[in-house]
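Please read the structure below before turning to the comments.
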Amino acid sequence: MPDPDDPLALAEYAPGGTVALTDAERWPTLDVAGAARLDAVQRHPLAPAWVHRTGDRLTADGVARAQAALPVTGWLAEHLAIARRLPAYRRVADTLGELRTWPTVTRDDLLENVSAFVPLDADLDRMIEGSSSGTTGRALQIPDDIEEVARSFHLLVTLVAEQGIDWRPDPARMALAYLVHQRQAFTYTSSISSFGQSTMARLNLHPSQWPAPGQRTGFLLDQQPQVITGNPTSLAELLHPDLVAGLRPLALFSGAMALSLALRRDLEAAYGCPVIDVYGLHETRPIAASTDGGPFVILDRRVHVEVLDGSGHPVAPGERGEIVVTAGENPLLPLVRYRTGDFGRLVDVAGRPALADLEGREATRFLALDGSLVPCVDLTQQLQAGGARGWAVRQGVDGSVTATVVGGATGQIGTALRRLLAQPVTVTAVPTLLDLGEGKPRRYESEAPGT
């Protein structure tokens with residue numbers, strides 16, 4: 001149950017509230033040594049109160065498959081053949097030839113009927129459900145494949161290796177720490193079956209989740225994660241002097257929001273390791289990566305990128321347009337020409353295609369009346385809990401806040417935002433998502449000092 005003394009607490013984030021599987025189902029290959037390592041993290045005296053309990057569900061055969069990248073030779077033709085049989089294209093399949101003849105797909109198409117984009121012969125025994133809040137905030141439930149999720153971890157291993165670093169399982173260290181920094185979040189620890197049954201954890205760095213002084217720092221220093229991943233909001237917490245003095249990561253990964261060059265440089269200077277910025281969406285999986293703050297080089301995997309104008313036609317080489325992705329890594333969601341809503345230029349970097357001047361999502365924070373900074377993800381949770389389908393929240397230079405929402409209980413939303421920011425919030429309801437603005441409207445903006 002949520003904390004009765006916390007009016008903003010949501011039931012889905014109550015510790016243990018969503019436990020469903022047995023440990024044998026979560027980790028079919030877990031041996032005695034792996035179980036002992038996992039138990040040591042779960043029961044660590046400085047560990048947070050884990051909200052969830054999850055595993056990779058990989059069989060021995062699944063472990064072997066997850067460790068190997070999918071072949072890319074000829075993948076696109078095979079991918080289009082699979083997509084032609086999707087229910088979404090049943091009525092127009094005969095008109096679909098090479099890639100340029102296919103219509104583009106938007107997030108709204110998936111929201112309307114995501115099942116139409118799932119192959120009829122898909123192995124649903126390997127399916128888990130993921131959620132993406134997207135640009136407008138309306139949650140999209142995405143079918144994820146357990147082996148593809150595990151393979152994405154090995155993509156990180158490959159990207160680290162390309163920086164000249166040999167990342168191997170170390171029984172004395174946690175393999176991966178996935179950091180978030182928000183008021184409420186799913187947190188858990190798990191075993192990576194395909195990486196020597198090393199441990200990993202999703203950790204919420206928000207101070208409210210670590211009631212004892214020094215608990216957060218002590219836990220991280222004791223686990224010594226080999227690689228740390230997060231968004232700019234959570235990675236900025238790593239600049240705390242106590243963490244800089246004690247952590248020894250092999251590499252840092254940033255994603256989900258725009259990583260500023262200044263934060264990149266600060267992290268590189270603090271830890272003396274590569275900082276790899278990955279661009280991707282939950283729907284498409286990782287698309288490209290930047291290791292130096294320059295253009296994002298398209299990854300060597302089943303992903304094809306186009307840049308189109310507003311009419312859906314390719315722009316001239318090097319011209320700016322919308323990034324459209326054909327993604328073939330997830331067998332449960334074989335997307336063709338998916339419009340990301342992000343913009344950039346397709347350029348060449350050392351003979352490889354790359355995305356320059358990428359306009360992605362920003363790590364917006366809001367200034368509360370007490371001077372604290374509230375990350376926008378905290379607002380997202382309350383807006384979604386109130387049933388809003390989309391929204392735009394603005395904070396002026398004077399600190400005043402207005403929220404424009406589509407759908408939902410505006411009274412509940414207003415009360416929650418006022419409690420979160422400890423100040424008045426003006427909430428205005430509009431009938432459609434188009435009323436939030438054309439194209440890809442920014443969900444959050446703050447002009448308050450220090451944000």
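Every chain in the structure tokens takes a letter, A first, then B, and so on in the order presented; its residues are numbered from 1, and the ligands are numbered from 1 following the presented order.
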Per-residue DSSP, range 135-311 of chain A, filtered to alpha helix (DSSP H), as a count of residues only: 47
Neighbour list for Pro169 in chain A as a count of residues only, cut-off 9 Å, only C-alpha atoms, skip fewer than 3 positions in-chain: 9
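Note that the spacing between CA of Val406 in chain A and CA of Leu111 in chain A amounts to 15.3 Å.
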Sort by chain and increasing residue number a table of all residues of range 126-215 of chain A within 12 Å of range 331-345 of chain A, each with its closest pair of atoms and their distance in Å to one decimal, counting only C-alpha atoms, and write it as a tab-separated table.
```
residue	atom	partner	partner_atom	distance
A:Arg126	CA	A:Leu332	CA	9.1
A:Met127	CA	A:Leu332	CA	7.7
A:Ile128	CA	A:Leu332	CA	10.0
A:Glu129	CA	A:Leu332	CA	10.7
A:Gly130	CA	A:Leu332	CA	11.9
A:Gly134	CA	A:Thr340	CA	9.8
A:Thr135	CA	A:Gly341	CA	8.3
A:Thr136	CA	A:Gly341	CA	10.8
A:Gln141	CA	A:Leu333	CA	11.4
A:Ile142	CA	A:Leu333	CA	8.0
A:Pro143	CA	A:Leu332	CA	6.1
A:Asp144	CA	A:Leu332	CA	6.5
A:Asp145	CA	A:Leu332	CA	6.4
A:Ile146	CA	A:Leu332	CA	10.2
A:Glu147	CA	A:Pro331	CA	9.7
A:Glu148	CA	A:Pro331	CA	8.0
A:Val149	CA	A:Pro331	CA	11.0
```
Output C-alpha atoms for every residue in the selection just made, as a PDB file, in the first residue's frame.
```
ATOM      1  CA  ARG A 126       8.795 -14.272 -24.528  1.00  0.00           C
ATOM      2  CA  MET A 127       6.789 -11.076 -24.130  1.00  0.00           C
ATOM      3  CA  ILE A 128       6.987  -8.589 -21.298  1.00  0.00           C
ATOM      4  CA  GLU A 129       5.145  -5.297 -21.267  1.00  0.00           C
ATOM      5  CA  GLY A 130       6.982  -2.001 -21.204  1.00  0.00           C
ATOM      6  CA  GLY A 134       6.408   9.732 -24.909  1.00  0.00           C
ATOM      7  CA  THR A 135       6.163  13.390 -25.837  1.00  0.00           C
ATOM      8  CA  THR A 136       2.561  14.119 -24.977  1.00  0.00           C
ATOM      9  CA  GLN A 141       2.219  -0.071 -23.640  1.00  0.00           C
ATOM     10  CA  ILE A 142       4.936  -1.725 -25.719  1.00  0.00           C
ATOM     11  CA  PRO A 143       5.455  -5.467 -26.231  1.00  0.00           C
ATOM     12  CA  ASP A 144       9.084  -6.222 -25.342  1.00  0.00           C
ATOM     13  CA  ASP A 145      10.937  -9.460 -26.111  1.00  0.00           C
ATOM     14  CA  ILE A 146      12.986 -10.834 -23.197  1.00  0.00           C
ATOM     15  CA  GLU A 147      15.908 -11.913 -25.396  1.00  0.00           C
ATOM     16  CA  GLU A 148      15.977  -8.565 -27.196  1.00  0.00           C
ATOM     17  CA  VAL A 149      16.031  -6.748 -23.841  1.00  0.00           C
TER      18      VAL A 149
END
```
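Comparing the minimum interatomic distances between Leu373 in chain A and each of A:Gln67, A:Ala256, A:Thr428, A:Leu421, counting only C-alpha atoms, we find that A:Leu421 sits nearest.
A straight line drawn from CA of Gly62 in chain A to CA of Ala83 in chain A is 24.1 Å long.
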Dump as a tab-separated table the rows for residues of range 268-328 of chain A within 12 Å of range 229-243 of chain A: closest atom pair and distance in Å with one decimal, only C-alpha atoms counted, ordered by chain and rising residue number.
```
residue	atom	partner	partner_atom	distance
A:Glu268	CA	A:Leu239	CA	10.3
A:Ala269	CA	A:Leu239	CA	10.0
A:Ala270	CA	A:Leu239	CA	7.1
A:Tyr271	CA	A:Leu239	CA	9.1
A:Pro274	CA	A:Thr229	CA	11.8
A:Val275	CA	A:Thr229	CA	9.5
A:Ile276	CA	A:Thr229	CA	9.2
A:Asp277	CA	A:Asn231	CA	9.3
A:Val278	CA	A:Asn231	CA	10.0
A:Tyr279	CA	A:Asn231	CA	11.2
```
Now that the selection is made, can you save its residues with C-alpha atoms as an mmCIF file, in the first residue's frame?
```cif
data_model
loop_
_atom_site.group_PDB
_atom_site.id
_atom_site.type_symbol
_atom_site.label_atom_id
_atom_site.label_comp_id
_atom_site.auth_asym_id
_atom_site.auth_seq_id
_atom_site.Cartn_x
_atom_site.Cartn_y
_atom_site.Cartn_z
ATOM 1 C CA GLU A 268 34.570 12.946 -17.949
ATOM 2 C CA ALA A 269 36.830 15.039 -15.731
ATOM 3 C CA ALA A 270 35.425 13.563 -12.520
ATOM 4 C CA TYR A 271 35.720 9.905 -13.494
ATOM 5 C CA PRO A 274 34.097 7.513 -21.499
ATOM 6 C CA VAL A 275 30.669 9.142 -21.400
ATOM 7 C CA ILE A 276 28.513 7.618 -24.131
ATOM 8 C CA ASP A 277 25.303 9.408 -25.074
ATOM 9 C CA VAL A 278 22.766 7.035 -26.658
ATOM 10 C CA TYR A 279 19.848 8.257 -28.753
#
```
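One distance worth recording is that between CA of Ser115 in chain A and CA of Leu70 in chain A, which is 23.9 Å.
Considering only C-alpha atoms, the residue among A:Arg264, A:Arg84, A:Arg151, A:Arg168 positioned nearest to Gly97 in chain A is A:Arg84.
Among A:Ile165, A:Leu308, A:Leu155, A:Ala258, the residue with the shortest atom-to-atom distance to Glu322 in chain A, counting only C-alpha atoms, is A:Leu308.
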In range 17-177 of chain A, DSSP strand (DSSP E) residues written as an NGL selection string: :A and (127-132 or 140-145 or 176-177)
Residues of the last selection are to be written out with N, CA and C atoms, as a short mmCIF file (atom, residue, chain, number, x, y, z; two decimals), in the first residue's frame.
```cif
data_model
loop_
_atom_site.label_atom_id
_atom_site.label_comp_id
_atom_site.auth_asym_id
_atom_site.auth_seq_id
_atom_site.Cartn_x
_atom_site.Cartn_y
_atom_site.Cartn_z
N MET A 127 7.19 -12.48 -24.21
CA MET A 127 6.79 -11.08 -24.13
C MET A 127 6.73 -10.58 -22.70
N ILE A 128 7.24 -9.37 -22.50
CA ILE A 128 6.99 -8.59 -21.30
C ILE A 128 6.44 -7.24 -21.76
N GLU A 129 5.77 -6.56 -20.88
CA GLU A 129 5.14 -5.30 -21.27
C GLU A 129 5.94 -4.13 -20.71
N GLY A 130 6.31 -3.22 -21.62
CA GLY A 130 6.98 -2.00 -21.20
C GLY A 130 6.07 -0.80 -21.42
N SER A 131 6.43 0.31 -20.81
CA SER A 131 5.61 1.51 -20.92
C SER A 131 6.49 2.70 -21.30
N SER A 132 5.97 3.52 -22.19
CA SER A 132 6.67 4.73 -22.60
C SER A 132 5.71 5.90 -22.50
N LEU A 140 2.12 4.60 -23.54
CA LEU A 140 2.01 3.60 -24.59
C LEU A 140 2.57 2.30 -24.05
N GLN A 141 1.76 1.24 -24.08
CA GLN A 141 2.22 -0.07 -23.64
C GLN A 141 2.89 -0.78 -24.82
N ILE A 142 4.13 -1.19 -24.63
CA ILE A 142 4.94 -1.72 -25.72
C ILE A 142 5.27 -3.18 -25.44
N PRO A 143 5.06 -4.08 -26.42
CA PRO A 143 5.46 -5.47 -26.23
C PRO A 143 6.96 -5.62 -26.38
N ASP A 144 7.63 -6.02 -25.32
CA ASP A 144 9.08 -6.22 -25.34
C ASP A 144 9.39 -7.71 -25.36
N ASP A 145 10.48 -8.08 -26.03
CA ASP A 145 10.94 -9.46 -26.11
C ASP A 145 12.08 -9.65 -25.12
N LEU A 176 26.07 -3.39 -13.50
CA LEU A 176 25.39 -2.22 -14.06
C LEU A 176 24.47 -1.59 -13.03
N ALA A 177 24.56 -0.28 -12.89
CA ALA A 177 23.62 0.49 -12.07
C ALA A 177 22.88 1.44 -12.98
#
```
Top pick for closest residue to Ala66 in chain A, considering A:Val397, A:Ile192, A:Leu221, A:Ala327 and counting only C-alpha atoms: A:Ile192
Spatial neighbours of Val41 in chain A, 12 Å, only C-alpha atoms, chain gap at least 4 places, as a PyMOL selection string: chain A and resi 34-37+45-50+172-175+177+188-191+198-203+219-220+222-225
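When only C-alpha atoms are used to compute distances to Arg302 in chain A, the closest of the residues A:Val347, A:Leu120, A:Val401, A:Ala77 turns out to be A:Ala77.
Closest approach to Ser194 in chain A from the set A:Gly321, A:Gly371, A:Gly55, A:Pro449 is made by A:Gly55, with distances taken over only C-alpha atoms.
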